[in-house]
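Trainee: Below is structure22.txt; it holds compact mmCIF, C-alpha atoms.
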# COMPACT_ATOMS: atom_id res chain seq x y z
CA MET I 1 -49.21 -204.31 -167.65
CA LYS I 2 -46.21 -202.55 -169.08
CA THR I 3 -43.23 -204.62 -170.19
CA LYS I 4 -39.58 -203.81 -170.81
CA GLN I 5 -40.41 -203.53 -174.50
CA ASN I 6 -43.24 -201.02 -173.84
CA ILE I 7 -40.87 -198.85 -171.82
CA SER I 8 -38.12 -199.10 -174.43
CA ASP I 9 -40.57 -198.17 -177.19
CA ALA I 10 -41.83 -195.19 -175.19
CA LEU I 11 -38.31 -193.82 -174.74
CA ASN I 12 -38.14 -192.38 -178.25
CA TYR I 13 -35.19 -190.26 -179.21
CA GLU I 14 -35.91 -186.59 -179.77
CA ASP I 15 -35.28 -185.02 -183.14
CA VAL I 16 -32.10 -182.98 -182.82
CA ASP I 17 -31.43 -182.83 -186.57
CA THR I 18 -34.17 -180.30 -187.34
CA PRO I 19 -33.05 -177.78 -184.69
CA GLU I 20 -29.45 -178.16 -185.86
CA ALA I 21 -30.50 -177.58 -189.48
CA ILE I 22 -32.36 -174.43 -188.43
CA ALA I 23 -29.36 -173.24 -186.41
CA ALA I 24 -27.08 -173.80 -189.42
CA VAL I 25 -29.34 -171.71 -191.68
CA MET I 26 -29.63 -168.99 -189.06
CA GLN I 27 -25.85 -168.96 -188.60
CA GLN I 28 -25.45 -168.27 -192.33
CA GLU I 29 -27.98 -165.44 -192.01
CA ASP I 30 -26.57 -163.96 -188.76
CA GLY I 31 -27.03 -160.21 -188.43
CA LYS I 32 -29.58 -159.92 -191.24
CA LYS I 33 -33.07 -158.61 -190.65
CA LEU I 34 -35.56 -161.33 -189.76
CA THR I 35 -38.09 -161.58 -192.57
CA VAL I 36 -40.27 -164.29 -194.07
CA ARG I 37 -37.55 -164.85 -196.68
CA LEU I 38 -35.70 -166.82 -194.01
CA LEU I 39 -38.47 -169.44 -194.17
CA ASP I 40 -37.56 -170.34 -197.76
CA LYS I 41 -34.09 -171.40 -196.59
CA LEU I 42 -35.32 -173.66 -193.76
CA PRO I 43 -36.00 -177.39 -194.23
CA GLY I 44 -39.57 -177.60 -195.54
CA GLY I 45 -39.73 -173.89 -196.38
CA ARG I 46 -42.84 -171.76 -195.94
CA ASP I 47 -45.05 -174.84 -196.15
CA ARG I 48 -43.59 -176.05 -192.86
CA TRP I 49 -42.67 -172.84 -190.98
CA TYR I 50 -44.08 -169.42 -190.12
CA ILE I 51 -42.99 -166.47 -188.00
CA LYS I 52 -45.31 -165.42 -185.20
CA ARG I 53 -44.99 -162.09 -183.42
CA GLU I 54 -47.17 -161.56 -180.36
CA PHE I 55 -47.08 -160.67 -176.68
CA GLY I 56 -43.64 -159.07 -176.96
CA MET I 57 -42.02 -162.17 -178.48
CA THR I 58 -41.06 -163.48 -181.90
CA HIS I 59 -41.30 -167.22 -182.57
CA LEU I 60 -40.43 -169.51 -185.44
CA CYS I 61 -43.31 -172.02 -185.47
CA GLU I 62 -43.86 -175.29 -187.26
CA ARG I 63 -47.10 -175.70 -189.20
CA SER I 64 -48.16 -179.07 -187.91
CA ARG I 65 -51.13 -180.65 -186.26
CA ALA I 66 -48.83 -183.04 -184.41
CA LYS I 67 -48.91 -183.03 -180.64
CA ARG I 68 -45.17 -182.35 -180.55
CA ARG I 69 -44.12 -179.57 -182.90
CA PHE I 70 -41.29 -177.11 -182.90
CA ARG I 71 -41.70 -173.55 -181.63
CA PHE I 72 -38.46 -171.61 -181.34
CA LEU I 73 -38.28 -168.35 -179.41
CA LEU I 74 -36.22 -165.99 -181.57
CA ALA I 75 -36.43 -162.70 -179.66
CA HIS I 76 -38.09 -160.95 -176.76
CA THR I 77 -39.68 -158.40 -179.05
CA ASP I 78 -42.56 -158.45 -181.47
CA GLY I 79 -40.99 -155.65 -183.49
CA PRO I 80 -38.24 -155.76 -186.10
CA THR I 81 -35.29 -157.93 -185.08
CA GLU I 82 -32.10 -159.37 -186.50
CA ILE I 83 -31.27 -163.04 -186.89
CA ASP I 84 -29.02 -164.24 -184.08
CA SER I 85 -28.03 -167.93 -184.14
CA ARG I 86 -26.30 -167.71 -180.75
CA GLN I 87 -29.48 -166.35 -179.19
CA LEU I 88 -31.47 -169.16 -180.84
CA ARG I 89 -29.51 -171.73 -178.82
CA GLU I 90 -29.62 -169.66 -175.61
CA LEU I 91 -33.38 -169.07 -175.74
CA ASN I 92 -34.23 -172.66 -176.74
CA PRO I 93 -31.99 -175.06 -174.78
CA CYS I 94 -34.79 -177.64 -174.80
CA TYR I 95 -34.13 -178.25 -178.52
CA PHE I 96 -30.34 -178.24 -178.36
CA ALA I 97 -28.15 -179.18 -175.37
CA ALA I 98 -31.03 -180.42 -173.22
CA ALA I 99 -32.39 -182.64 -176.02
CA VAL I 100 -28.96 -184.18 -176.54
CA ALA I 101 -28.68 -184.82 -172.78
CA ARG I 102 -32.18 -186.40 -172.67
CA ASN I 103 -31.37 -188.62 -175.65
CA LYS I 104 -28.13 -189.73 -174.00
CA LYS I 105 -29.98 -190.57 -170.77
CA ARG I 106 -32.63 -192.52 -172.71
CA MET I 107 -29.94 -194.47 -174.57
CA VAL I 108 -28.33 -195.52 -171.28
CA ILE I 109 -31.70 -196.72 -169.99
CA LYS I 110 -32.63 -198.51 -173.23
CA ASN I 111 -29.34 -200.43 -173.15
CA ASN I 112 -29.88 -201.69 -169.58
CA ALA I 113 -32.43 -204.52 -169.37
CA ASP I 114 -32.51 -204.46 -165.55
CA GLU I 115 -33.26 -200.74 -165.52
CA LEU I 116 -36.02 -201.19 -168.12
CA GLN I 117 -37.60 -203.91 -165.98
CA ALA I 118 -37.35 -201.76 -162.84
CA ILE I 119 -39.04 -198.86 -164.66
CA ALA I 120 -41.77 -201.19 -166.03
CA ASN I 121 -42.41 -202.52 -162.50
CA SER I 122 -42.58 -198.98 -161.12
CA VAL I 123 -44.98 -197.83 -163.85
CA ASN I 124 -47.20 -200.86 -163.17
CA ARG I 125 -47.28 -200.09 -159.44
CA LEU I 126 -48.09 -196.46 -160.21
CA ASP I 127 -50.91 -197.52 -162.57
CA GLN I 128 -52.37 -199.71 -159.84
CA ALA I 129 -52.11 -196.91 -157.28
CA VAL I 130 -53.83 -194.43 -159.59
CA ASP I 131 -56.60 -196.94 -160.30
CA THR I 132 -57.06 -197.52 -156.57
CA ILE I 133 -57.20 -193.79 -155.86
CA ALA I 134 -59.70 -193.28 -158.68
CA ARG I 135 -61.94 -196.09 -157.34
CA GLU I 136 -61.79 -194.72 -153.78
CA TYR I 137 -62.52 -191.23 -155.04
CA GLU I 138 -65.55 -192.49 -157.01
CA TYR I 139 -66.85 -194.27 -153.94
CA LEU I 140 -66.38 -191.26 -151.66
CA VAL I 141 -67.67 -188.64 -154.08
CA ASN I 142 -70.88 -190.66 -154.49
CA LYS I 143 -71.31 -190.74 -150.71
CA VAL I 144 -70.11 -187.25 -149.74
CA ASP I 145 -70.00 -184.03 -151.77
CA GLY I 146 -66.58 -182.76 -152.91
CA TYR I 147 -66.35 -179.88 -150.42
CA LYS I 148 -67.10 -182.12 -147.44
CA LEU I 149 -64.76 -184.74 -148.85
CA MET I 150 -61.94 -182.18 -148.85
CA ARG I 151 -62.73 -181.29 -145.23
CA LEU I 152 -62.94 -184.96 -144.17
CA THR I 153 -59.65 -185.99 -145.76
CA GLY I 154 -57.84 -182.75 -144.97
CA CYS I 155 -56.55 -182.92 -148.50
CA ASP I 156 -56.74 -179.79 -150.64
CA LYS I 157 -55.61 -181.88 -153.61
CA ILE I 158 -58.81 -183.94 -153.67
CA GLN I 159 -60.01 -182.05 -156.76
CA GLN I 160 -56.95 -183.31 -158.62
CA MET I 161 -58.19 -186.83 -158.03
CA ALA I 162 -61.14 -186.08 -160.30
CA PHE I 163 -58.70 -185.34 -163.10
CA LEU I 164 -57.00 -188.68 -162.58
CA ARG I 165 -60.36 -190.33 -163.08
CA TYR I 166 -60.98 -188.58 -166.40
CA ASP I 167 -57.41 -188.89 -167.70
CA ARG I 168 -57.40 -192.66 -167.14
CA LYS I 169 -60.72 -193.36 -168.90
CA GLY I 170 -59.23 -192.96 -172.38
CA GLU I 171 -56.53 -195.58 -171.72
CA GLU I 172 -58.91 -198.49 -171.18
Could you write out this file's structure as structure tokens?

Mentor:
Amino acid sequence: MKTKQNISDALNYEDVDTPEAIAAVMQQEDGKKLTVRLLDKLPGGRDRWYIKREFGMTHLCERSRAKRRFRFLLAHTDGPTEIDSRQLRELNPCYFAAAVARNKKRMVIKNNADELQAIANSVNRLDQAVDTIAREYEYLVNKVDGYKLMRLTGCDKIQQMAFLRYDRKGEE
């Protein structure tokens, strides 16, 4: 069962300082040719960042094994390009304006105990529903093969139910 505290803890604020630091460095370097020398000026330097050019795009990528790491689209070319701080913000709103908006929304929720409880209750109901669906799917798939099960239920999403079953196993 999820509690208000679980929900509050899960609503972590996104890092907006790192993108802003990168934008500040890129603003100082505006108009210059994009080279690996830029990496030395970024927080963490070459140990933390690398430039990746592939599939007609140029990215600034974070060297990290973390699940959530930064990957900024710099240009829609994998050839030579110039540094453009304005384009950095336009091509990556998820790290700038959208992240600020998400953090603001999370702060409003975290400061409202009733809203946290309502979200916790909803998450608990959803957990129960997913568990019920997974149990019913297990029962039916053991009785009827998947293709026939799709035909019987008229549900083309029945295969997605199998994924629910596997996704939930690691949470127990």

Trainee: Go through I:Lys33, I:Lys143, I:Arg53, I:Lys67 and flag the residue nearest Gly79 of chain I, using all atoms listed in the file for the distances.

Mentor: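 The shortest atom-to-atom distance to Gly79 of chain I comes from I:Arg53.
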
Trainee: Could you please determine the separation between atom CA of Ser64 of chain I and atom CA of Arg86 of chain I in Å, to one decimal place?

Mentor: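 Interatomic distance here is 25.7 Å.
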
Trainee: Counting all atoms listed in the file, give me one row per residue of segment 66-119 of chain I with an atom at most 10 Å from an atom of segment 36-49 of chain I, showing the shortest contact pair and its distance in Å to one decimal, sorted by chain then residue number, as JSON lines.

Mentor:
{"residue": "I:Phe70", "atom": "CA", "partner": "I:Trp49", "partner_atom": "CA", "distance": 9.2}
{"residue": "I:Arg71", "atom": "CA", "partner": "I:Trp49", "partner_atom": "CA", "distance": 9.4}
{"residue": "I:Ile83", "atom": "CA", "partner": "I:Leu38", "partner_atom": "CA", "distance": 9.2}

Trainee: Ranking I:His76, I:Lys32, I:Lys110, I:Arg89 by minimum distance to Asp9 of chain I and counting only C-alpha atoms, which one comes first?

Mentor: I:Lys110

Trainee: Grab the atom CA of Asp114 of chain I to atom CA of Gln5 of chain I distance for me, in Å with one decimal place.

Mentor: 12.0 Å

Trainee: Between I:Met1, I:Leu34, I:Leu149, I:Ala21, which has the minimum distance to Asp127 of chain I (counting all atoms listed in the file)?

Mentor: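 Smallest separation from Asp127 of chain I among the options: I:Met1.
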
Trainee: Around all of segment 118-123 of chain I's listed atoms, make the axis-aligned box with 4 Å on each side and tell me centre and edge lengths in Å to one decimal, as lines of an AutoDock Vina configuration file.

Mentor:
center_x = -41.2
center_y = -200.2
center_z = -163.6
size_x = 15.6
size_y = 12.7
size_z = 12.9

Trainee: Where atoms are absent from segment 58-83 of chain I, fill them in so it carries N, CA and C atoms, then output it as a short mmCIF file (atom, residue, chain, number, x, y, z; two decimals), in the frame of the given file.

Mentor:
data_model
loop_
_atom_site.label_atom_id
_atom_site.label_comp_id
_atom_site.auth_asym_id
_atom_site.auth_seq_id
_atom_site.Cartn_x
_atom_site.Cartn_y
_atom_site.Cartn_z
N THR I 58 -41.06 -163.00 -180.52
CA THR I 58 -41.06 -163.48 -181.90
C THR I 58 -40.68 -164.95 -181.89
N HIS I 59 -41.52 -165.77 -182.53
CA HIS I 59 -41.30 -167.22 -182.57
C HIS I 59 -41.20 -167.70 -184.01
N LEU I 60 -40.43 -168.75 -184.21
CA LEU I 60 -40.43 -169.51 -185.44
C LEU I 60 -41.23 -170.77 -185.13
N CYS I 61 -42.37 -170.95 -185.80
CA CYS I 61 -43.31 -172.02 -185.47
C CYS I 61 -43.45 -173.00 -186.63
N GLU I 62 -43.63 -174.25 -186.28
CA GLU I 62 -43.86 -175.29 -187.26
C GLU I 62 -45.35 -175.42 -187.54
N ARG I 63 -45.70 -175.47 -188.82
CA ARG I 63 -47.10 -175.70 -189.20
C ARG I 63 -47.33 -177.21 -189.14
N SER I 64 -47.94 -177.64 -188.08
CA SER I 64 -48.16 -179.07 -187.91
C SER I 64 -49.32 -179.26 -186.95
N ARG I 65 -50.06 -180.31 -187.18
CA ARG I 65 -51.13 -180.65 -186.26
C ARG I 65 -50.67 -181.69 -185.25
N ALA I 66 -49.39 -182.04 -185.32
CA ALA I 66 -48.83 -183.04 -184.41
C ALA I 66 -48.83 -182.50 -182.98
N LYS I 67 -48.92 -183.41 -182.05
CA LYS I 67 -48.91 -183.03 -180.64
C LYS I 67 -47.58 -182.36 -180.27
N ARG I 68 -46.51 -182.88 -180.82
CA ARG I 68 -45.17 -182.35 -180.55
C ARG I 68 -44.67 -181.64 -181.80
N ARG I 69 -44.64 -180.33 -181.75
CA ARG I 69 -44.12 -179.57 -182.90
C ARG I 69 -43.15 -178.52 -182.39
N PHE I 70 -42.32 -178.07 -183.28
CA PHE I 70 -41.29 -177.11 -182.90
C PHE I 70 -41.86 -175.70 -182.81
N ARG I 71 -41.36 -174.97 -181.81
CA ARG I 71 -41.70 -173.55 -181.63
C ARG I 71 -40.49 -172.90 -180.98
N PHE I 72 -39.70 -172.22 -181.80
CA PHE I 72 -38.46 -171.61 -181.34
C PHE I 72 -38.70 -170.15 -180.98
N LEU I 73 -38.27 -169.75 -179.79
CA LEU I 73 -38.28 -168.35 -179.41
C LEU I 73 -37.07 -167.70 -180.07
N LEU I 74 -37.32 -166.67 -180.87
CA LEU I 74 -36.22 -165.99 -181.57
C LEU I 74 -35.80 -164.71 -180.87
N ALA I 75 -36.76 -163.98 -180.30
CA ALA I 75 -36.43 -162.70 -179.66
C ALA I 75 -37.53 -162.30 -178.68
N HIS I 76 -37.13 -161.50 -177.71
CA HIS I 76 -38.09 -160.95 -176.76
C HIS I 76 -38.58 -159.59 -177.25
N THR I 77 -39.06 -159.58 -178.46
CA THR I 77 -39.68 -158.40 -179.05
C THR I 77 -40.62 -158.86 -180.15
N ASP I 78 -41.69 -158.12 -180.33
CA ASP I 78 -42.56 -158.45 -181.47
C ASP I 78 -42.37 -157.43 -182.58
N GLY I 79 -41.34 -156.62 -182.46
CA GLY I 79 -40.99 -155.65 -183.49
C GLY I 79 -39.89 -156.20 -184.38
N PRO I 80 -39.33 -155.33 -185.21
CA PRO I 80 -38.24 -155.76 -186.10
C PRO I 80 -37.05 -156.29 -185.28
N THR I 81 -36.44 -157.34 -185.78
CA THR I 81 -35.29 -157.93 -185.08
C THR I 81 -34.33 -158.54 -186.10
N GLU I 82 -33.11 -158.75 -185.66
CA GLU I 82 -32.10 -159.37 -186.50
C GLU I 82 -31.97 -160.85 -186.15
N ILE I 83 -31.49 -161.61 -187.11
CA ILE I 83 -31.27 -163.04 -186.89
C ILE I 83 -30.02 -163.20 -186.03
#
